[in-house]
>>> print(open('data.txt').read())   # compact mmCIF, C-alpha atoms
# COMPACT_ATOMS: atom_id res chain seq x y z
CA MET A 1 -16.21 5.88 8.40
CA LYS A 2 -17.02 2.47 9.78
CA ASP A 3 -13.74 2.36 11.72
CA GLU A 4 -14.57 5.66 13.42
CA VAL A 5 -17.64 4.22 15.17
CA PRO A 6 -16.58 3.44 18.81
CA ASN A 7 -16.95 -0.12 20.04
CA LEU A 8 -19.08 0.20 23.20
CA LYS A 9 -19.41 -3.50 23.88
CA ASP A 10 -16.52 -3.65 26.39
CA PHE A 11 -17.61 -0.39 28.00
CA ASP A 12 -21.15 -1.72 28.39
CA GLN A 13 -19.88 -4.87 30.08
CA ARG A 14 -17.70 -2.84 32.49
CA LEU A 15 -20.73 -0.77 33.51
CA ARG A 16 -22.71 -3.94 34.14
CA ASP A 17 -19.89 -5.36 36.29
CA GLU A 18 -19.69 -2.15 38.32
CA ALA A 19 -23.46 -2.16 38.84
CA HIS A 20 -23.22 -5.56 40.51
CA GLU A 21 -20.23 -4.63 42.68
CA ASP A 22 -20.86 -4.43 46.43
CA LEU A 23 -19.86 -0.88 47.38
CA ALA A 24 -19.05 -2.05 50.91
CA ASP A 25 -16.30 -4.30 49.56
CA ILE A 26 -14.39 -1.44 47.97
CA VAL A 27 -11.16 -1.02 49.93
CA ALA A 28 -10.69 2.60 50.99
CA ASP A 29 -7.32 4.15 50.33
CA GLU A 30 -5.49 6.21 52.92
CA PRO A 31 -6.83 9.77 53.10
CA THR A 32 -5.36 11.96 50.37
CA SER A 33 -6.87 15.24 51.55
CA LYS A 34 -4.43 17.59 53.25
CA THR A 35 -6.79 17.91 56.19
CA GLN A 36 -7.68 14.69 57.96
CA ILE A 37 -11.09 14.99 59.63
CA ILE A 38 -11.41 12.33 62.31
CA ALA A 39 -14.53 11.60 64.38
CA ILE A 40 -14.03 10.04 67.81
CA TYR A 41 -16.90 8.03 69.28
CA GLY A 42 -17.38 6.29 72.60
CA LYS A 43 -19.72 5.75 75.51
CA GLY A 44 -20.40 8.78 77.68
CA GLY A 45 -17.84 8.99 80.48
CA ILE A 46 -15.43 6.51 78.89
CA GLY A 47 -12.68 9.11 78.46
CA LYS A 48 -13.09 10.57 74.96
CA SER A 49 -12.49 14.11 76.16
CA PHE A 50 -9.45 13.06 78.21
CA THR A 51 -8.03 11.19 75.23
CA LEU A 52 -8.72 13.97 72.73
CA ALA A 53 -7.49 16.88 74.85
CA ASN A 54 -4.17 15.15 75.43
CA LEU A 55 -3.92 13.80 71.88
CA SER A 56 -4.56 17.21 70.33
CA HIS A 57 -2.04 18.87 72.66
CA MET A 58 0.63 16.31 71.78
CA MET A 59 -0.05 16.63 68.03
CA ALA A 60 0.36 20.39 68.32
CA GLU A 61 3.69 19.85 70.11
CA GLN A 62 4.70 17.65 67.18
CA GLY A 63 4.22 20.65 64.89
CA LYS A 64 0.78 19.79 63.50
CA ARG A 65 -2.04 22.30 63.12
CA VAL A 66 -4.98 20.86 65.06
CA LEU A 67 -8.60 21.96 65.44
CA LEU A 68 -10.54 20.24 68.24
CA ILE A 69 -14.34 20.47 68.04
CA GLY A 70 -16.54 19.23 70.85
CA CYS A 71 -19.80 17.84 69.45
CA ASP A 72 -21.28 16.57 72.73
CA PRO A 73 -24.18 18.55 74.30
CA LYS A 74 -22.35 18.27 77.67
CA SER A 75 -19.65 20.56 76.23
CA ASP A 76 -16.89 18.87 78.21
CA THR A 77 -14.42 18.25 75.38
CA THR A 78 -12.39 21.41 75.81
CA SER A 79 -12.65 21.67 79.61
CA LEU A 80 -9.46 19.69 80.20
CA LEU A 81 -7.60 21.62 77.53
CA PHE A 82 -8.57 24.95 79.14
CA GLY A 83 -7.88 23.91 82.73
CA GLY A 84 -11.53 23.32 83.59
CA LYS A 85 -12.78 26.60 82.14
CA ALA A 86 -15.85 26.25 79.94
CA CYS A 87 -15.64 28.18 76.68
CA PRO A 88 -18.76 29.73 75.09
CA THR A 89 -20.50 27.25 72.81
CA ILE A 90 -21.34 27.94 69.19
CA ILE A 91 -25.07 27.35 69.69
CA GLU A 92 -25.28 29.51 72.83
CA THR A 93 -23.24 32.30 71.25
CA SER A 94 -25.23 32.13 68.02
CA THR A 95 -28.50 32.52 69.92
CA LYS A 96 -27.26 35.55 71.89
CA LYS A 97 -25.78 37.24 68.82
CA LYS A 98 -28.94 36.68 66.81
CA LEU A 99 -31.08 38.28 69.51
CA ALA A 100 -28.70 41.24 69.53
CA GLY A 101 -28.76 41.52 65.74
CA GLU A 102 -25.05 40.71 65.48
CA GLU A 103 -22.98 38.22 63.47
CA VAL A 104 -20.92 35.49 65.11
CA LYS A 105 -17.17 35.93 64.62
CA ILE A 106 -14.45 33.29 64.93
CA GLY A 107 -13.02 34.97 68.02
CA ASP A 108 -16.40 34.55 69.75
CA VAL A 109 -16.31 30.77 69.61
CA CYS A 110 -12.75 29.58 68.87
CA PHE A 111 -9.97 29.69 71.45
CA LYS A 112 -6.31 28.58 71.61
CA ARG A 113 -3.99 26.86 74.04
CA GLY A 114 -0.71 25.05 73.53
CA GLY A 115 -1.03 25.45 69.76
CA VAL A 116 -4.46 23.76 69.70
CA PHE A 117 -7.48 25.60 68.28
CA ALA A 118 -10.66 24.47 70.03
CA MET A 119 -14.40 25.13 70.10
CA GLU A 120 -17.61 23.58 71.41
CA LEU A 121 -20.80 23.15 69.41
CA GLY A 122 -22.91 22.78 72.54
CA GLY A 123 -26.57 21.79 72.56
CA PRO A 124 -30.06 22.81 73.65
CA GLU A 125 -31.20 23.03 77.26
CA VAL A 126 -32.69 19.86 78.70
CA GLY A 127 -36.16 19.19 77.28
CA ARG A 128 -35.97 22.15 74.88
CA GLY A 129 -34.66 20.66 71.68
CA CYS A 130 -32.92 17.84 69.86
CA GLY A 131 -29.18 17.41 70.51
CA GLY A 132 -28.68 15.95 67.05
CA ARG A 133 -30.38 18.93 65.44
CA GLY A 134 -28.08 21.16 67.47
CA ILE A 135 -25.08 19.41 65.92
CA ILE A 136 -26.42 20.05 62.42
CA HIS A 137 -27.06 23.72 63.22
CA GLY A 138 -23.55 24.01 64.64
CA PHE A 139 -21.94 22.70 61.48
CA GLU A 140 -24.07 24.97 59.33
CA LEU A 141 -22.66 27.91 61.28
CA LEU A 142 -19.11 26.56 60.94
CA GLU A 143 -19.55 26.55 57.18
CA LYS A 144 -20.65 30.19 57.30
CA LEU A 145 -17.52 31.01 59.31
CA GLY A 146 -15.39 29.52 56.51
CA PHE A 147 -14.75 25.97 57.76
CA HIS A 148 -13.84 24.67 54.29
CA ASP A 149 -11.19 27.37 53.83
CA TRP A 150 -9.39 26.79 57.12
CA ASP A 151 -5.85 25.41 57.07
CA PHE A 152 -5.45 22.49 59.49
CA ASP A 153 -3.61 19.18 59.34
CA TYR A 154 -6.19 17.52 61.60
CA VAL A 155 -9.74 18.28 62.67
CA LEU A 156 -10.78 16.12 65.62
CA LEU A 157 -14.52 15.76 66.31
CA ASP A 158 -15.63 14.50 69.73
CA PHE A 159 -19.00 12.79 69.34
CA LEU A 160 -21.33 11.12 71.80
CA GLY A 161 -21.39 7.46 70.82
CA ASP A 162 -24.35 6.20 72.85
CA VAL A 163 -26.75 7.42 70.15
CA VAL A 164 -25.57 6.95 66.56
CA CYS A 165 -28.42 8.77 64.85
CA GLY A 166 -29.38 12.14 63.44
CA GLY A 167 -26.77 14.80 64.02
CA PHE A 168 -24.56 12.47 66.05
CA GLY A 169 -24.18 10.19 63.05
CA LEU A 170 -23.47 13.11 60.70
CA PRO A 171 -19.76 12.43 60.02
CA ILE A 172 -20.52 8.82 59.11
CA ALA A 173 -23.74 9.39 57.20
CA ARG A 174 -22.49 12.33 55.12
CA ASP A 175 -18.83 11.40 54.68
CA MET A 176 -17.83 14.46 56.68
CA ALA A 177 -14.88 12.57 58.16
CA GLN A 178 -12.40 10.22 56.55
CA LYS A 179 -12.20 7.90 59.52
CA VAL A 180 -13.56 7.07 62.95
CA ILE A 181 -11.66 6.31 66.14
CA LEU A 182 -13.36 4.37 68.93
CA VAL A 183 -12.66 4.80 72.64
CA ALA A 184 -13.68 1.95 74.94
CA SER A 185 -12.65 0.02 78.02
CA ASN A 186 -12.85 -3.57 79.24
CA ASP A 187 -16.55 -3.38 80.06
CA LEU A 188 -19.60 -4.57 78.19
CA GLN A 189 -21.40 -1.23 77.91
CA SER A 190 -18.51 0.69 76.31
CA LEU A 191 -17.85 -2.18 73.89
CA TYR A 192 -21.55 -2.32 73.07
CA VAL A 193 -21.35 1.35 72.03
CA ALA A 194 -18.15 0.73 70.05
CA ASN A 195 -19.82 -2.18 68.26
CA ASN A 196 -22.87 0.00 67.57
CA VAL A 197 -20.68 2.59 65.86
CA CYS A 198 -19.06 -0.18 63.79
CA SER A 199 -22.56 -1.23 62.72
CA ALA A 200 -23.33 2.35 61.65
CA VAL A 201 -20.11 2.51 59.63
CA GLU A 202 -20.94 -0.80 57.97
CA TYR A 203 -24.49 0.34 57.19
CA PHE A 204 -23.42 3.54 55.45
CA ARG A 205 -20.60 1.77 53.61
CA LYS A 206 -23.26 -0.43 52.03
CA LEU A 207 -25.06 2.73 50.92
CA GLY A 208 -21.93 3.96 49.20
CA GLY A 209 -20.22 5.80 52.07
CA ASN A 210 -16.45 5.92 52.46
CA VAL A 211 -15.92 6.43 56.19
CA GLY A 212 -13.95 3.64 57.87
CA VAL A 213 -12.71 2.81 61.36
CA ALA A 214 -9.06 3.66 62.02
CA GLY A 215 -8.89 1.72 65.26
CA LEU A 216 -9.60 1.46 68.98
CA VAL A 217 -8.15 3.35 71.94
CA ILE A 218 -8.44 1.28 75.11
CA ASN A 219 -8.84 3.64 78.06
CA LYS A 220 -8.56 2.64 81.74
CA ASP A 221 -7.05 -0.65 80.64
CA ASP A 222 -6.98 -3.03 83.61
CA GLY A 223 -5.42 -5.84 81.61
CA THR A 224 -8.44 -8.17 81.50
CA GLY A 225 -8.34 -8.19 77.70
CA GLU A 226 -11.98 -7.87 76.61
CA ALA A 227 -11.40 -4.69 74.59
CA ALA A 228 -8.41 -6.23 72.83
CA ALA A 229 -10.51 -9.30 72.04
CA PHE A 230 -13.21 -7.02 70.62
CA ALA A 231 -10.72 -5.23 68.36
CA ASP A 232 -9.50 -8.57 67.07
CA ALA A 233 -13.06 -9.85 66.53
CA VAL A 234 -14.22 -6.83 64.50
CA ASP A 235 -10.86 -6.64 62.69
CA ILE A 236 -9.64 -3.18 63.70
CA PRO A 237 -6.23 -2.23 65.15
CA ILE A 238 -5.53 -1.02 68.69
CA LEU A 239 -4.13 2.51 68.42
CA ALA A 240 -3.20 2.85 72.09
CA SER A 241 -3.77 1.26 75.47
CA ILE A 242 -4.02 3.84 78.26
CA PRO A 243 -3.58 2.08 81.61
CA GLN A 244 -5.88 2.34 84.59
CA ASP A 245 -3.52 4.41 86.72
CA ASP A 246 -4.14 6.57 89.77
CA ASP A 247 -1.75 9.27 88.52
CA LEU A 248 -3.73 9.62 85.29
CA ARG A 249 -7.01 9.69 87.20
CA LYS A 250 -5.84 12.48 89.52
CA LYS A 251 -4.34 14.59 86.74
CA SER A 252 -7.49 14.26 84.66
CA ALA A 253 -9.68 15.21 87.64
CA ASN A 254 -7.49 18.28 88.18
CA TYR A 255 -7.63 19.30 84.49
CA GLN A 256 -3.91 18.71 83.95
CA ILE A 257 -2.57 17.94 80.47
CA VAL A 258 -0.43 14.79 80.27
CA GLY A 259 -0.14 14.74 76.46
CA THR A 260 3.14 16.64 76.51
CA ASP A 261 6.85 15.84 76.41
CA GLN A 262 7.06 17.26 79.95
CA SER A 263 4.95 14.37 81.28
CA GLN A 264 5.86 10.76 81.99
CA TRP A 265 2.91 9.87 79.75
CA GLY A 266 4.16 11.93 76.82
CA SER A 267 5.59 8.98 74.88
CA LEU A 268 2.25 7.15 75.09
CA PHE A 269 0.37 10.05 73.50
CA ALA A 270 3.15 10.69 71.00
CA ALA A 271 2.77 7.10 69.78
CA LEU A 272 -1.00 7.52 69.70
CA GLY A 273 -0.59 10.65 67.58
CA ASP A 274 1.59 8.77 65.08
CA ASN A 275 -0.87 5.86 64.93
CA VAL A 276 -3.86 8.17 64.44
CA ALA A 277 -2.10 9.94 61.58
CA GLU A 278 -1.06 6.76 59.77
CA ALA A 279 -4.01 4.39 60.36
CA PRO A 280 -6.10 3.92 57.20
CA PRO A 281 -9.92 3.74 57.44
CA VAL A 282 -10.97 0.09 57.32
CA ARG A 283 -14.30 -1.66 57.10
CA PRO A 284 -15.15 -3.29 60.47
CA ALA A 285 -17.03 -6.55 61.01
CA PRO A 286 -19.54 -5.72 63.80
CA LEU A 287 -20.62 -8.49 66.16
CA ASP A 288 -24.13 -9.65 66.99
CA GLN A 289 -25.30 -9.58 70.61
CA ASP A 290 -24.21 -13.15 71.33
CA GLY A 291 -20.81 -12.48 69.81
CA LEU A 292 -20.38 -9.42 72.02
CA LEU A 293 -21.42 -11.31 75.13
CA GLY A 294 -19.03 -14.09 74.16
CA LEU A 295 -16.08 -11.76 74.84
CA PHE A 296 -16.88 -11.94 78.55
CA ASP A 297 -17.18 -14.67 81.19
CA ALA A 298 -20.74 -15.99 80.90
CA SER A 299 -21.08 -16.06 84.70
CA GLU A 300 -20.57 -12.28 84.76
CA THR A 301 -22.81 -11.28 81.84
CA GLY A 302 -25.60 -13.81 82.01
CA GLY A 303 -24.45 -15.30 78.74
CA ASP A 304 -25.43 -18.78 79.99
CA VAL A 305 -29.05 -17.79 80.59
CA VAL A 306 -31.60 -19.78 78.57
CA LEU A 307 -34.68 -17.87 77.38
CA GLU A 308 -37.91 -19.41 78.70
CA PRO A 309 -41.00 -18.50 76.64
CA ALA A 310 -43.92 -17.01 78.59
CA THR A 311 -47.42 -18.41 78.27
CA ASP A 312 -50.82 -16.79 78.09
CA MET A 313 -51.57 -18.06 81.60
CA ASP A 314 -48.35 -16.43 82.88
CA MET A 315 -49.45 -13.11 81.50
CA ARG A 316 -52.93 -13.27 83.06
CA GLY A 317 -51.60 -13.93 86.57
CA LYS A 318 -54.39 -13.82 89.14
CA ASN A 319 -56.87 -13.38 86.29
CA ALA A 320 -55.95 -16.77 84.88
CA GLU A 321 -59.32 -18.40 85.60
CA PRO A 322 -60.38 -21.33 83.45
CA LYS A 323 -63.03 -20.34 80.95
CA ALA A 324 -65.72 -22.49 79.50
CA SER A 325 -64.63 -23.98 76.21
CA LEU A 326 -66.68 -23.38 73.06
CA GLU A 327 -65.42 -26.63 71.60
CA VAL A 328 -68.20 -29.12 70.76
CA ILE A 329 -67.52 -32.51 72.30
CA TYR A 330 -69.46 -35.47 70.89
CA ASP A 331 -70.35 -38.58 72.85
CA ASP A 332 -68.74 -41.77 71.70
CA ALA A 333 -70.97 -43.60 69.24
>>> encode(input="data.txt", output="structure tokens")
Amino acid sequence: MKDEVPNLKDFDQRLRDEAHEDLADIVADEPTSKTQIIAIYGKGGIGKSFTLANLSHMMAEQGKRVLLIGCDPKSDTTSLLFGGKACPTIIETSTKKKLAGEEVKIGDVCFKRGGVFAMELGGPEVGRGCGGRGIIHGFELLEKLGFHDWDFDYVLLDFLGDVVCGGFGLPIARDMAQKVILVASNDLQSLYVANNVCSAVEYFRKLGGNVGVAGLVINKDDGTGEAAAFADAVDIPILASIPQDDDLRKKSANYQIVGTDQSQWGSLFAALGDNVAEAPPVRPAPLDQDGLLGLFDASETGGDVVLEPATDMDMRGKNAEPKASLEVIYDDA
């Protein structure tokens, strides 16, 4: 009977070793789920919607089943895909249906073009609610509509990157996506946002999360190189570099799709589609403020400015009158 008693000594030691392991150092494998859920983040106006509309259209041309979900309260993700036409948002439709005592159906909020299925979560009116809470409500409704039973190769989520909190940080905080793609340009503000998202990914990885950064898309690339230097500094790959070109600007402004084999830009988006599909989620190394500023010429960013401490007299200004001291001064003996 003695031999039948299990030896738990080695098992106990393995548990102790695992308890001291830094979860953020665990290398994430490539996604094994059939559906890849990818969240795209970037500064407002940097070109996320342009990138995603054309990327999703190209992926559909390549034979992939793609669902594009706009998660920005501006609801501009699908505008380019639908030629400038705004589709009803999930939150707006849900409110109207609820008041009418009706249930929301897929056909009320999901629309198709070029093989791409697309919808907008939307958001509250200005000053009437929290955008992040709207995102959470939108996803709750998607689950009721059967989100987890849908059959897609890729689900692309377009998120506002300026604020990585609450509902906007949902994919990262709750492991709703396998990986994040950043969209930025060669300017400090867009790279600040990209770095902020990297910091959020790093934070939740330390808490046991598994979301990683697949890479960076450089939009409106003027060749100055700051975005490429950022990608190298935080140790993420560049998935595509979309040039600053007047033809692209005009077509985007006119709601024309360029992510197609019929366009001169088709090969660029085809390569982006391949890179997005294959890029594994990696753990980034976010920069501090000085490191971010160091990517740019100090004369342009103020990186050579020296901080001068203020004094109490500075703060008092015209009220800086000398006051009688309470210190006791003794005569010399």
>>> atom_distance(input="data.txt", atom1="atom CA of A:Ile242", atom2="atom CA of A:Ala298")
26.1 Å
>>> residues_near_point(input="data.txt", point="(-16.0, 2.5, 56.6)", cutoff="8 Å", atoms="only C-alpha atoms", output="list in words")
Ala24, Ala28, Lys179, Val201, Glu202, Phe204, Arg205, Gly209, Asn210, Val211, Gly212, Val213, Pro281, Val282, Arg283 and Pro284 of chain A
>>> write_last_selection(input="data.txt", atoms="C-alpha atoms", output="mmCIF file, keeping the file's coordinate frame")
data_model
loop_
_atom_site.group_PDB
_atom_site.id
_atom_site.type_symbol
_atom_site.label_atom_id
_atom_site.label_comp_id
_atom_site.auth_asym_id
_atom_site.auth_seq_id
_atom_site.Cartn_x
_atom_site.Cartn_y
_atom_site.Cartn_z
ATOM 1 C CA ALA A 24 -19.050 -2.050 50.910
ATOM 2 C CA ALA A 28 -10.690 2.600 50.990
ATOM 3 C CA LYS A 179 -12.200 7.900 59.520
ATOM 4 C CA VAL A 201 -20.110 2.510 59.630
ATOM 5 C CA GLU A 202 -20.940 -0.800 57.970
ATOM 6 C CA PHE A 204 -23.420 3.540 55.450
ATOM 7 C CA ARG A 205 -20.600 1.770 53.610
ATOM 8 C CA GLY A 209 -20.220 5.800 52.070
ATOM 9 C CA ASN A 210 -16.450 5.920 52.460
ATOM 10 C CA VAL A 211 -15.920 6.430 56.190
ATOM 11 C CA GLY A 212 -13.950 3.640 57.870
ATOM 12 C CA VAL A 213 -12.710 2.810 61.360
ATOM 13 C CA PRO A 281 -9.920 3.740 57.440
ATOM 14 C CA VAL A 282 -10.970 0.090 57.320
ATOM 15 C CA ARG A 283 -14.300 -1.660 57.100
ATOM 16 C CA PRO A 284 -15.150 -3.290 60.470
#
>>> residues_around(input="data.txt", residues="stretch 234-237 of chain A", least_positions_apart="3", cutoff="8 Å", atoms="all atoms listed in the file", output="PyMOL selection string")
chain A and resi 213-216+230-231+282+284-287
>>> closest_residue(input="data.txt", among="A:Ser49, A:Thr260, A:Thr89, A:Gln36", to="A:Phe159", atoms="all atoms listed in the file")
A:Ser49
>>> closest_residue(input="data.txt", among="A:Ala53, A:Leu145, A:Ile172, A:Ile136", to="A:Gly107", atoms="all atoms listed in the file")
A:Leu145
>>> atom_distance(input="data.txt", atom1="atom CA of A:Gln178", atom2="atom CA of A:Glu278")
12.3 Å
>>> residues_around(input="data.txt", residues="A:Gly47", least_positions_apart="6", cutoff="9 Å", atoms="all atoms listed in the file", output="JSON list (two decimals) with C-alpha atoms, keeping the file's coordinate frame")
[["chain", "number", "residue", "atom", "x", "y", "z"],
["A", 183, "VAL", "CA", -12.66, 4.80, 72.64],
["A", 184, "ALA", "CA", -13.68, 1.95, 74.94],
["A", 219, "ASN", "CA", -8.84, 3.64, 78.06],
["A", 220, "LYS", "CA", -8.56, 2.64, 81.74]]
>>> closest_residue(input="data.txt", among="A:Leu268, A:Leu81, A:Leu292, A:Ile106", to="A:Leu141", atoms="only C-alpha atoms")
A:Ile106
>>> atom_distance(input="data.txt", atom1="atom CA of A:Ile238", atom2="atom CA of A:Val217")
6.0 Å
>>> closest_residue(input="data.txt", among="A:Val180, A:Val66, A:Leu121, A:Leu239", to="A:Ala271", atoms="only C-alpha atoms")
A:Leu239
>>> residues_around(input="data.txt", residues="A:Gly138", least_positions_apart="3", cutoff="8 Å", atoms="only C-alpha atoms", output="MDAnalysis selection string")
chainID A and resid 90:91 121 134:135 141:142
>>> residues_around(input="data.txt", residues="A:Thr224", least_positions_apart="2", cutoff="10 Å", atoms="all atoms listed in the file", output="PDB file with C-alpha atoms, in the coordinates of the input")
ATOM      1  CA  SER A 185     -12.650   0.020  78.020  1.00  0.00           C
ATOM      2  CA  ASN A 186     -12.850  -3.570  79.240  1.00  0.00           C
ATOM      3  CA  ASP A 187     -16.550  -3.380  80.060  1.00  0.00           C
ATOM      4  CA  ASP A 221      -7.050  -0.650  80.640  1.00  0.00           C
ATOM      5  CA  ASP A 222      -6.980  -3.030  83.610  1.00  0.00           C
ATOM      6  CA  GLU A 226     -11.980  -7.870  76.610  1.00  0.00           C
ATOM      7  CA  ALA A 227     -11.400  -4.690  74.590  1.00  0.00           C
ATOM      8  CA  ALA A 228      -8.410  -6.230  72.830  1.00  0.00           C
ATOM      9  CA  ALA A 229     -10.510  -9.300  72.040  1.00  0.00           C
ATOM     10  CA  PHE A 296     -16.880 -11.940  78.550  1.00  0.00           C
TER      11      PHE A 296
END
>>> decode(input="data.txt", residues="stretch 282-290 of chain A", atoms="all heavy atoms", output="tab-separated table (two decimals), in the first residue's frame")
chain	number	residue	atom	x	y	z
A	282	VAL	N	2.30	40.08	-29.58
A	282	VAL	CA	3.53	40.15	-28.81
A	282	VAL	C	3.38	41.16	-27.68
A	282	VAL	O	2.51	42.03	-27.69
A	282	VAL	CB	4.74	40.54	-29.69
A	282	VAL	CG1	4.96	39.50	-30.78
A	282	VAL	CG2	4.54	41.92	-30.31
A	283	ARG	N	4.25	41.04	-26.71
A	283	ARG	CA	4.25	41.96	-25.57
A	283	ARG	C	5.11	43.17	-25.92
A	283	ARG	O	6.31	43.05	-26.16
A	283	ARG	CB	4.81	41.24	-24.35
A	283	ARG	CG	4.89	42.11	-23.12
A	283	ARG	CD	5.59	41.35	-21.99
A	283	ARG	NE	5.80	42.17	-20.83
A	283	ARG	CZ	6.51	41.81	-19.78
A	283	ARG	NH1	7.10	40.63	-19.77
A	283	ARG	NH2	6.65	42.62	-18.75
A	284	PRO	N	4.53	44.38	-25.95
A	284	PRO	CA	5.31	45.57	-26.29
A	284	PRO	C	6.11	46.08	-25.11
A	284	PRO	O	5.91	45.66	-23.97
A	284	PRO	CB	4.23	46.58	-26.70
A	284	PRO	CG	3.07	46.21	-25.82
A	284	PRO	CD	3.12	44.70	-25.69
A	285	ALA	N	7.03	47.00	-25.39
A	285	ALA	CA	7.83	47.64	-24.34
A	285	ALA	C	7.57	49.14	-24.41
A	285	ALA	O	8.33	49.87	-25.06
A	285	ALA	CB	9.31	47.33	-24.54
A	286	PRO	N	6.47	49.63	-23.80
A	286	PRO	CA	6.10	51.05	-23.92
A	286	PRO	C	7.19	51.98	-23.42
A	286	PRO	O	7.98	51.65	-22.52
A	286	PRO	CB	4.84	51.15	-23.06
A	286	PRO	CG	4.86	49.97	-22.16
A	286	PRO	CD	5.56	48.88	-22.93
A	287	LEU	N	7.24	53.17	-24.02
A	287	LEU	CA	8.25	54.17	-23.68
A	287	LEU	C	7.74	55.11	-22.59
A	287	LEU	O	6.53	55.29	-22.42
A	287	LEU	CB	8.61	54.99	-24.92
A	287	LEU	CG	9.06	54.22	-26.17
A	287	LEU	CD1	9.24	55.18	-27.33
A	287	LEU	CD2	10.35	53.45	-25.90
A	288	ASP	N	8.68	55.73	-21.87
A	288	ASP	CA	8.28	56.81	-20.98
A	288	ASP	C	8.22	58.10	-21.81
A	288	ASP	O	8.53	58.11	-23.00
A	288	ASP	CB	9.23	56.94	-19.79
A	288	ASP	CG	10.68	57.19	-20.20
A	288	ASP	OD1	10.92	57.63	-21.35
A	288	ASP	OD2	11.58	56.95	-19.38
A	289	GLN	N	7.81	59.20	-21.19
A	289	GLN	CA	7.61	60.44	-21.93
A	289	GLN	C	8.89	60.92	-22.59
A	289	GLN	O	8.89	61.36	-23.74
A	289	GLN	CB	7.05	61.53	-21.00
A	289	GLN	CG	6.76	62.85	-21.67
A	289	GLN	CD	5.58	62.79	-22.63
A	289	GLN	OE1	4.91	61.77	-22.73
A	289	GLN	NE2	5.34	63.88	-23.36
A	290	ASP	N	10.01	60.84	-21.87
A	290	ASP	CA	11.28	61.28	-22.45
A	290	ASP	C	11.69	60.40	-23.62
A	290	ASP	O	12.24	60.88	-24.61
A	290	ASP	CB	12.38	61.27	-21.38
A	290	ASP	CG	12.20	62.38	-20.36
A	290	ASP	OD1	11.51	63.37	-20.68
A	290	ASP	OD2	12.73	62.26	-19.24
